[in-house]
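Asker: Dropping in my_file.cif, with mmCIF, C-alpha atoms.
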```cif
data_run
loop_
_atom_site.label_atom_id
_atom_site.label_comp_id
_atom_site.auth_asym_id
_atom_site.auth_seq_id
_atom_site.Cartn_x
_atom_site.Cartn_y
_atom_site.Cartn_z
CA MET A 28 10.80 -9.21 21.88
CA ASN A 29 8.70 -7.28 24.34
CA GLN A 30 4.96 -6.76 24.04
CA SER A 31 5.25 -3.18 22.76
CA HIS A 32 7.50 -4.12 19.82
CA HIS A 33 5.25 -7.03 18.96
CA GLU A 34 2.21 -4.74 18.88
CA LEU A 35 4.07 -2.21 16.73
CA ARG A 36 5.01 -4.88 14.22
CA ARG A 37 1.45 -6.19 14.13
CA ALA A 38 0.03 -2.68 13.58
CA ALA A 39 2.61 -1.96 10.88
CA ALA A 40 1.76 -5.20 9.11
CA ARG A 41 -1.94 -4.38 9.32
CA ALA A 42 -1.38 -0.90 7.87
CA PHE A 43 0.72 -2.37 5.08
CA MET A 44 -1.95 -4.93 4.18
CA GLU A 45 -4.62 -2.21 4.18
CA SER A 46 -2.49 -0.19 1.78
CA LEU A 47 -2.12 -3.19 -0.51
CA ASP A 48 -5.88 -3.73 -0.42
CA GLN A 49 -6.44 -0.09 -1.37
CA LEU A 50 -3.97 -0.48 -4.21
CA GLY A 51 -5.80 -3.53 -5.52
CA THR A 52 -9.12 -1.71 -5.33
CA ARG A 53 -7.77 1.30 -7.22
CA LEU A 54 -6.19 -0.81 -9.92
CA ALA A 55 -9.37 -2.83 -10.38
CA ALA A 56 -11.49 0.34 -10.57
CA GLU A 57 -9.21 1.91 -13.16
CA GLY A 58 -9.23 -1.24 -15.23
CA ALA A 59 -13.04 -1.37 -15.18
CA GLU A 60 -13.42 2.31 -16.07
CA GLY A 61 -11.09 2.27 -19.05
CA GLY A 62 -12.87 -0.29 -21.16
CA VAL A 63 -9.72 -0.57 -23.24
CA VAL A 64 -7.17 -3.18 -22.33
CA PRO A 65 -3.84 -1.39 -21.84
CA THR A 66 -0.64 -2.82 -23.23
CA ARG A 67 1.40 -4.91 -20.84
CA GLU A 68 4.15 -2.28 -20.78
CA LYS A 69 1.70 0.49 -19.90
CA LEU A 70 0.03 -1.67 -17.26
CA ASP A 71 3.40 -2.54 -15.70
CA THR A 72 4.32 1.16 -15.59
CA GLN A 73 1.00 2.04 -13.96
CA ARG A 74 1.33 -0.75 -11.41
CA THR A 75 4.85 0.30 -10.55
CA ARG A 76 3.82 3.94 -10.15
CA TYR A 77 0.89 3.04 -7.90
CA LEU A 78 2.86 0.46 -5.97
CA VAL A 79 5.62 2.95 -5.21
CA ARG A 80 3.08 5.56 -4.12
CA GLU A 81 1.23 3.07 -1.92
CA LEU A 82 4.45 1.80 -0.38
CA GLU A 83 5.53 5.36 0.37
CA ASP A 84 2.15 5.99 2.01
CA ALA A 85 2.50 2.79 4.04
CA VAL A 86 5.98 3.78 5.21
CA ALA A 87 4.70 7.22 6.22
CA ASP A 88 1.84 5.58 8.13
CA ILE A 89 4.24 3.27 9.93
CA GLU A 90 6.58 6.14 10.78
CA ARG A 91 3.71 8.21 12.16
CA PHE A 92 2.48 5.26 14.17
CA THR A 93 5.88 4.52 15.68
CA GLN A 94 6.43 8.18 16.53
CA GLN A 95 3.09 8.28 18.32
CA GLN A 96 4.08 5.21 20.33
CA GLU A 97 7.35 6.75 21.54
#
```
Here is a file; write its structure as structure tokens.
Answerer:
Amino acid sequence: MNQSHHELRRAAARAFMESLDQLGTRLAAEGAEGGVVPTREKLDTQRTRYLVRELEDAVADIERFTQQQE
């Protein structure tokens, strides 16, 4: 693998980890604000919704990054 591809993969991994960190922060903030413990089903639905959104954002970031590198 050449240097350019290695750097792209590293940057993509970094962007993905940042997105996961943001997701964790948002979920923690929402949990602290609510004061009421949501049901497991509701929590799973919220996590899935946020996870999908964050993953979509991460993919868009990676696509933008790779397009800029071309």
Asker: Using only C-alpha atoms, which residue out of A:Arg36, A:Gln96, A:Gln49, A:Arg91 lies closest to Tyr77 in chain A?
Answerer: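 Smallest distance to Tyr77 in chain A is found for A:Gln49.
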Asker: For the file shown, report as a list in words the outcome of the PyMOL selection byres ((chain A and resi 40-46) around 10) at residue level.
Answerer: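 Given this file, the PyMOL selection byres ((chain A and resi 40-46) around 10) evaluates to Glu34, Leu35, Arg36, Arg37, Ala38, Ala39, Leu47, Asp48, Gln49, Leu50, Gly51, Thr52, Leu78, Arg80, Glu81, Leu82, Glu83, Asp84, Ala85, Val86, Asp88, Ile89 and Phe92 of chain A.
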Asker: For a test of reading the model, state the distance in Å between CA of Val79 in chain A and CA of Leu54 in chain A, rounded to one decimal.
Answerer: 13.3 Å
Asker: What does the structure give for the distance between CA of Arg76 in chain A and CA of Gln95 in chain A, in Å to one decimal?
Answerer: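 Distance between the two atoms: 28.8 Å.
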Asker: Between CA of Glu90 in chain A and CA of Thr75 in chain A, what is the spacing in Å?
Answerer: 22.2 Å
Asker: For chain A, write C-alpha atoms out as a PDB file, in the first residue's frame.
Answerer:
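Wrote result23.pdb, looks like this:
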```pdb
ATOM      1  CA  MET A  28       0.000   0.000   0.000  1.00  0.00           C
ATOM      2  CA  ASN A  29       1.496   3.330  -0.939  1.00  0.00           C
ATOM      3  CA  GLN A  30       1.914   6.239   1.440  1.00  0.00           C
ATOM      4  CA  SER A  31      -1.095   8.162   0.096  1.00  0.00           C
ATOM      5  CA  HIS A  32      -3.538   5.291   0.683  1.00  0.00           C
ATOM      6  CA  HIS A  33      -2.134   4.723   4.143  1.00  0.00           C
ATOM      7  CA  GLU A  34      -2.644   8.392   5.025  1.00  0.00           C
ATOM      8  CA  LEU A  35      -6.201   8.306   3.647  1.00  0.00           C
ATOM      9  CA  ARG A  36      -7.053   5.287   5.765  1.00  0.00           C
ATOM     10  CA  ARG A  37      -5.540   6.889   8.845  1.00  0.00           C
ATOM     11  CA  ALA A  38      -7.491  10.125   8.282  1.00  0.00           C
ATOM     12  CA  ALA A  39     -10.704   8.196   7.663  1.00  0.00           C
ATOM     13  CA  ALA A  40     -10.210   6.217  10.857  1.00  0.00           C
ATOM     14  CA  ARG A  41      -9.541   9.426  12.778  1.00  0.00           C
ATOM     15  CA  ALA A  42     -12.712  11.047  11.397  1.00  0.00           C
ATOM     16  CA  PHE A  43     -14.719   7.955  12.272  1.00  0.00           C
ATOM     17  CA  MET A  44     -13.415   7.910  15.847  1.00  0.00           C
ATOM     18  CA  GLU A  45     -14.189  11.623  16.226  1.00  0.00           C
ATOM     19  CA  SER A  46     -17.744  10.953  15.071  1.00  0.00           C
ATOM     20  CA  LEU A  47     -18.097   8.157  17.605  1.00  0.00           C
ATOM     21  CA  ASP A  48     -16.800  10.460  20.341  1.00  0.00           C
ATOM     22  CA  GLN A  49     -19.357  13.092  19.349  1.00  0.00           C
ATOM     23  CA  LEU A  50     -22.073  10.458  19.447  1.00  0.00           C
ATOM     24  CA  GLY A  51     -21.059   9.401  22.944  1.00  0.00           C
ATOM     25  CA  THR A  52     -21.039  13.005  24.110  1.00  0.00           C
ATOM     26  CA  ARG A  53     -24.502  13.664  22.691  1.00  0.00           C
ATOM     27  CA  LEU A  54     -25.968  10.524  24.189  1.00  0.00           C
ATOM     28  CA  ALA A  55     -24.474  11.303  27.589  1.00  0.00           C
ATOM     29  CA  ALA A  56     -25.771  14.889  27.467  1.00  0.00           C
ATOM     30  CA  GLU A  57     -29.274  13.762  26.550  1.00  0.00           C
ATOM     31  CA  GLY A  58     -29.272  11.190  29.307  1.00  0.00           C
ATOM     32  CA  ALA A  59     -28.214  13.809  31.877  1.00  0.00           C
ATOM     33  CA  GLU A  60     -30.795  16.349  30.710  1.00  0.00           C
ATOM     34  CA  GLY A  61     -33.768  14.016  30.806  1.00  0.00           C
ATOM     35  CA  GLY A  62     -33.675  13.078  34.453  1.00  0.00           C
ATOM     36  CA  VAL A  63     -35.999  10.197  33.629  1.00  0.00           C
ATOM     37  CA  VAL A  64     -34.510   6.844  32.788  1.00  0.00           C
ATOM     38  CA  PRO A  65     -35.894   5.820  29.394  1.00  0.00           C
ATOM     39  CA  THR A  66     -37.065   2.289  28.755  1.00  0.00           C
ATOM     40  CA  ARG A  67     -34.530  -0.020  27.181  1.00  0.00           C
ATOM     41  CA  GLU A  68     -36.564  -0.177  23.976  1.00  0.00           C
ATOM     42  CA  LYS A  69     -36.710   3.614  23.694  1.00  0.00           C
ATOM     43  CA  LEU A  70     -33.013   3.920  24.484  1.00  0.00           C
ATOM     44  CA  ASP A  71     -32.122   1.309  21.849  1.00  0.00           C
ATOM     45  CA  THR A  72     -34.226   3.174  19.273  1.00  0.00           C
ATOM     46  CA  GLN A  73     -32.542   6.474  20.138  1.00  0.00           C
ATOM     47  CA  ARG A  74     -29.084   4.934  19.982  1.00  0.00           C
ATOM     48  CA  THR A  75     -29.826   3.349  16.634  1.00  0.00           C
ATOM     49  CA  ARG A  76     -31.171   6.615  15.224  1.00  0.00           C
ATOM     50  CA  TYR A  77     -28.137   8.580  16.412  1.00  0.00           C
ATOM     51  CA  LEU A  78     -25.699   5.882  15.382  1.00  0.00           C
ATOM     52  CA  VAL A  79     -27.100   5.789  11.863  1.00  0.00           C
ATOM     53  CA  ARG A  80     -26.960   9.581  11.610  1.00  0.00           C
ATOM     54  CA  GLU A  81     -23.400   9.699  12.928  1.00  0.00           C
ATOM     55  CA  LEU A  82     -22.280   6.915  10.607  1.00  0.00           C
ATOM     56  CA  GLU A  83     -23.834   8.718   7.656  1.00  0.00           C
ATOM     57  CA  ASP A  84     -21.986  11.890   8.684  1.00  0.00           C
ATOM     58  CA  ALA A  85     -18.738   9.941   8.994  1.00  0.00           C
ATOM     59  CA  VAL A  86     -19.187   8.415   5.544  1.00  0.00           C
ATOM     60  CA  ALA A  87     -19.875  11.858   4.074  1.00  0.00           C
ATOM     61  CA  ASP A  88     -16.740  13.202   5.779  1.00  0.00           C
ATOM     62  CA  ILE A  89     -14.663  10.352   4.399  1.00  0.00           C
ATOM     63  CA  GLU A  90     -16.074  10.825   0.905  1.00  0.00           C
ATOM     64  CA  ARG A  91     -15.336  14.557   1.000  1.00  0.00           C
ATOM     65  CA  PHE A  92     -11.836  13.886   2.245  1.00  0.00           C
ATOM     66  CA  THR A  93     -11.070  11.326  -0.448  1.00  0.00           C
ATOM     67  CA  GLN A  94     -12.468  13.590  -3.161  1.00  0.00           C
ATOM     68  CA  GLN A  95     -10.230  16.411  -1.967  1.00  0.00           C
ATOM     69  CA  GLN A  96      -7.227  14.097  -2.133  1.00  0.00           C
ATOM     70  CA  GLU A  97      -7.876  13.095  -5.754  1.00  0.00           C
TER      71      GLU A  97
END
```
